[in-house]
Amino acid sequence: MEGLTELENAAVGAASAGCVAVTLQPTLYWKNAAAQGLPFTLRPSLLFRGCGANLLKETSEMALQFAAAGRMKAGGDASSSAAREIAGAVGGGAVGALLVTPFECVMVQQQLLGTSLLQTPLDIVRRHGALDGLYRGLGLAALRDSIYVGCMLGLTPVVRRRLIEGHELPPAAASLCASAVGGVAGGVFSHPMDVVKTCMQGDLARAVHRDPLSTCRNLIAEGGIGALMRGAGWRTLNITLTVFIAGEVCQRLPPYLLRLTRRAEPAPAPVPLNE
């Protein structure tokens, strides 16, 4: 990512998102349903409800996260490359939450109410306002995405590189192992924030979940400390596959972008012959 411009990194992120958003939409619905205590279903009309909002969310989110992470990773020396890579990814995740939160709020409301992609945000703003409605749970989303993106764009490529260089694993096997490490770490450690945020966005009227602390208390009173990990399996699966897909796109797409956007290096000047 460090060798690309911000625009090129954004293109890589958008390409990754297009692959992720549609193929992994069912796991996202099951995760949200489990977090809110809704029943499991296999009905496609429910599983793909909110898919449009998710596609917009994933494309804009990953484009911004990849661009921000690539910018933050730039510079520094080789000795600090791993730490810089992880820190840049963490920062990219936090920045991306500003864009992600409204889309996630719309998707959660769509999955609950079945309203359209255009009608839902208008209803939210009219009834609850932009900040209290669309941006409900922003702080939790920023904390969650700092961990998640830090694992996806920071930890995963570092682990992959170490497995190839230090243990001589084939690239495909190293990608699978690194994706599992990054996906499980990102999914498990960031999941409580995601559950609380999802419950808050599902209750925009604040009838039950007034703020993060009261939401935590409500969930623990209802189902014990394990309630904060509802849907963790689905989300960890989603993130692991997302990390793998994004990692493969990051490995394979940049050479084509460089070929398309970079001019060929000028030929060296001929060396004059000695007279």
# chains A, B, ... in the order shown; residues from 1 in each chain; ligands from 1
>>> residues_around(residues="A:Ala14", least_positions_apart="6", cutoff="8 Å", atoms="only C-alpha atoms", output="PDB file with N, CA and C atoms, in the first residue's frame")
ATOM      1  N   GLU A  58     -19.693  -0.357   2.484  1.00  0.00           N
ATOM      2  CA  GLU A  58     -18.427  -1.064   2.346  1.00  0.00           C
ATOM      3  C   GLU A  58     -17.517  -0.381   1.327  1.00  0.00           C
ATOM      4  N   THR A  59     -18.094   0.056   0.199  1.00  0.00           N
ATOM      5  CA  THR A  59     -17.279   0.676  -0.846  1.00  0.00           C
ATOM      6  C   THR A  59     -16.651   1.966  -0.355  1.00  0.00           C
ATOM      7  N   SER A  60     -17.479   2.848   0.217  1.00  0.00           N
ATOM      8  CA  SER A  60     -16.940   4.130   0.702  1.00  0.00           C
ATOM      9  C   SER A  60     -16.031   3.926   1.912  1.00  0.00           C
ATOM     10  N   MET A  62     -14.177   1.164   2.850  1.00  0.00           N
ATOM     11  CA  MET A  62     -12.876   0.557   2.572  1.00  0.00           C
ATOM     12  C   MET A  62     -12.021   1.450   1.684  1.00  0.00           C
ATOM     13  N   ALA A  63     -12.652   2.230   0.797  1.00  0.00           N
ATOM     14  CA  ALA A  63     -11.879   3.176   0.006  1.00  0.00           C
ATOM     15  C   ALA A  63     -11.209   4.202   0.919  1.00  0.00           C
TER      16      ALA A  63
END
>>> residues_around(residues="A:Cys216", least_positions_apart="2", cutoff="9 Å", atoms="only C-alpha atoms", output="list in words")
Pro192, Val196, His209, Asp211, Pro212, Leu213, Ser214, Asn218, Leu219, Ile220, Ala221, Ile225, Ala227 and Leu228 of chain A
>>> residues_around(residues="A:Asp194", least_positions_apart="3", cutoff="7 Å", atoms="only C-alpha atoms", output="list in words")
Ala141, Arg144, Ser190, His191, Lys197 and Thr198 of chain A
>>> residues_around(residues="stretch 133-137 of chain A", least_positions_apart="6", cutoff="7 Å", atoms="only C-alpha atoms", output="number ranges by chain")
A: 101-102, 105, 124-125, 197, 200-201, 204
>>> closest_residue(among="A:Cys199, A:Ala11, A:Cys51, A:Ile239", to="A:Met107", atoms="only C-alpha atoms")
A:Cys51
>>> residues_around(residues="A:Gln251", least_positions_apart="5", cutoff="12 Å", atoms="only C-alpha atoms", output="JSON, numbers by chain")
{"A": [1, 9, 12, 13, 16, 153, 157, 160, 161, 171, 172, 175, 244, 245, 246, 256, 257]}
>>> residues_around(residues="A:Gly187", least_positions_apart="6", cutoff="9 Å", atoms="only C-alpha atoms", output="CSV table (one decimal) with all heavy atoms, in the first residue's frame")
chain,number,residue,atom,x,y,z
A,147,ILE,N,-9.7,-1.2,15.9
A,147,ILE,CA,-9.3,-2.6,16.2
A,147,ILE,C,-9.4,-3.5,14.9
A,147,ILE,O,-8.4,-4.2,14.5
A,147,ILE,CB,-10.1,-3.2,17.3
A,147,ILE,CG1,-9.9,-2.4,18.6
A,147,ILE,CG2,-9.6,-4.7,17.6
A,147,ILE,CD1,-10.8,-2.8,19.8
A,148,TYR,N,-10.5,-3.4,14.3
A,148,TYR,CA,-10.8,-4.2,13.1
A,148,TYR,C,-9.9,-4.0,12.0
A,148,TYR,O,-9.3,-4.8,11.4
A,148,TYR,CB,-12.3,-4.1,12.7
A,148,TYR,CG,-12.7,-4.4,11.3
A,148,TYR,CD1,-12.4,-5.6,10.8
A,148,TYR,CD2,-13.3,-3.4,10.5
A,148,TYR,CE1,-12.7,-5.9,9.5
A,148,TYR,CE2,-13.7,-3.7,9.2
A,148,TYR,CZ,-13.3,-4.9,8.7
A,148,TYR,OH,-13.7,-5.2,7.4
A,232,ALA,N,-20.9,-13.2,17.7
A,232,ALA,CA,-19.4,-13.1,17.5
A,232,ALA,C,-19.0,-14.1,16.5
A,232,ALA,O,-18.0,-13.8,15.7
A,232,ALA,CB,-18.7,-13.3,18.8
A,233,GLY,N,-19.6,-15.3,16.4
A,233,GLY,CA,-19.2,-16.3,15.5
A,233,GLY,C,-19.4,-15.8,14.0
A,233,GLY,O,-18.5,-15.9,13.2
A,235,ARG,N,-19.7,-12.7,13.0
A,235,ARG,CA,-18.9,-11.5,12.7
A,235,ARG,C,-17.5,-11.9,12.5
A,235,ARG,O,-16.8,-11.4,11.6
A,235,ARG,CB,-19.0,-10.5,13.8
A,235,ARG,CG,-18.3,-9.2,13.5
A,235,ARG,CD,-18.7,-8.0,14.3
A,235,ARG,NE,-18.0,-6.8,14.0
A,235,ARG,CZ,-16.8,-6.5,14.6
A,235,ARG,NH1,-16.3,-7.2,15.6
A,235,ARG,NH2,-16.2,-5.4,14.2
A,236,THR,N,-17.0,-12.9,13.3
A,236,THR,CA,-15.6,-13.4,13.1
A,236,THR,C,-15.4,-14.0,11.8
A,236,THR,O,-14.4,-13.8,11.1
A,236,THR,CB,-15.2,-14.3,14.2
A,236,THR,OG1,-15.3,-13.6,15.5
A,236,THR,CG2,-13.8,-14.8,14.1
A,237,LEU,N,-16.4,-14.8,11.3
A,237,LEU,CA,-16.4,-15.4,10.0
A,237,LEU,C,-16.4,-14.4,8.9
A,237,LEU,O,-15.6,-14.4,8.0
A,237,LEU,CB,-17.6,-16.4,9.8
A,237,LEU,CG,-17.8,-17.0,8.5
A,237,LEU,CD1,-16.6,-17.9,8.1
A,237,LEU,CD2,-19.1,-17.8,8.4
A,238,ASN,N,-17.3,-13.4,9.1
A,238,ASN,CA,-17.3,-12.3,8.1
A,238,ASN,C,-16.0,-11.5,8.0
A,238,ASN,O,-15.5,-11.3,6.9
A,238,ASN,CB,-18.5,-11.3,8.6
A,238,ASN,CG,-18.6,-10.1,7.7
A,238,ASN,OD1,-17.8,-9.2,7.7
A,238,ASN,ND2,-19.6,-10.1,6.8
A,239,ILE,N,-15.4,-11.2,9.2
A,239,ILE,CA,-14.2,-10.5,9.2
A,239,ILE,C,-13.0,-11.3,8.6
A,239,ILE,O,-12.2,-10.8,7.8
A,239,ILE,CB,-13.8,-10.0,10.6
A,239,ILE,CG1,-14.8,-8.9,11.0
A,239,ILE,CG2,-12.4,-9.4,10.6
A,239,ILE,CD1,-14.6,-8.3,12.4
A,240,THR,N,-13.0,-12.6,9.0
A,240,THR,CA,-11.9,-13.5,8.5
A,240,THR,C,-11.9,-13.6,6.9
A,240,THR,O,-10.9,-13.4,6.3
A,240,THR,CB,-12.0,-14.9,9.1
A,240,THR,OG1,-11.9,-14.8,10.5
A,240,THR,CG2,-10.9,-15.8,8.5
>>> closest_residue(among="A:Leu112, A:Leu118, A:Leu46, A:Val149", to="A:Leu64", atoms="only C-alpha atoms")
A:Val149
>>> closest_residue(among="A:Val243, A:Ala53, A:Val188, A:Val95", to="A:Thr156", atoms="only C-alpha atoms")
A:Val243
>>> residues_around(residues="A:Gly37", least_positions_apart="4", cutoff="10 Å", atoms="only C-alpha atoms", output="MDAnalysis selection string")
chainID A and resid 31:33 199 227 230:231
>>> select_by_dssp(residues="stretch 25-268 of chain A", states="alpha helix (DSSP H)", output="NGL selection string")
:A and (25-35 or 44-47 or 51-73 or 81-113 or 119-128 or 138-149 or 156-167 or 171-202 or 212-223 or 232-261)
>>> atom_distance(atom1="atom CA of A:Met193", atom2="atom CA of A:Ala35")
11.0 Å
>>> closest_residue(among="A:Thr5, A:Ser146, A:Thr242, A:Gln110", to="A:Gly52", atoms="only C-alpha atoms")
A:Gln110
>>> atom_distance(atom1="atom CA of A:Ala21", atom2="atom CA of A:Leu55")
5.2 Å
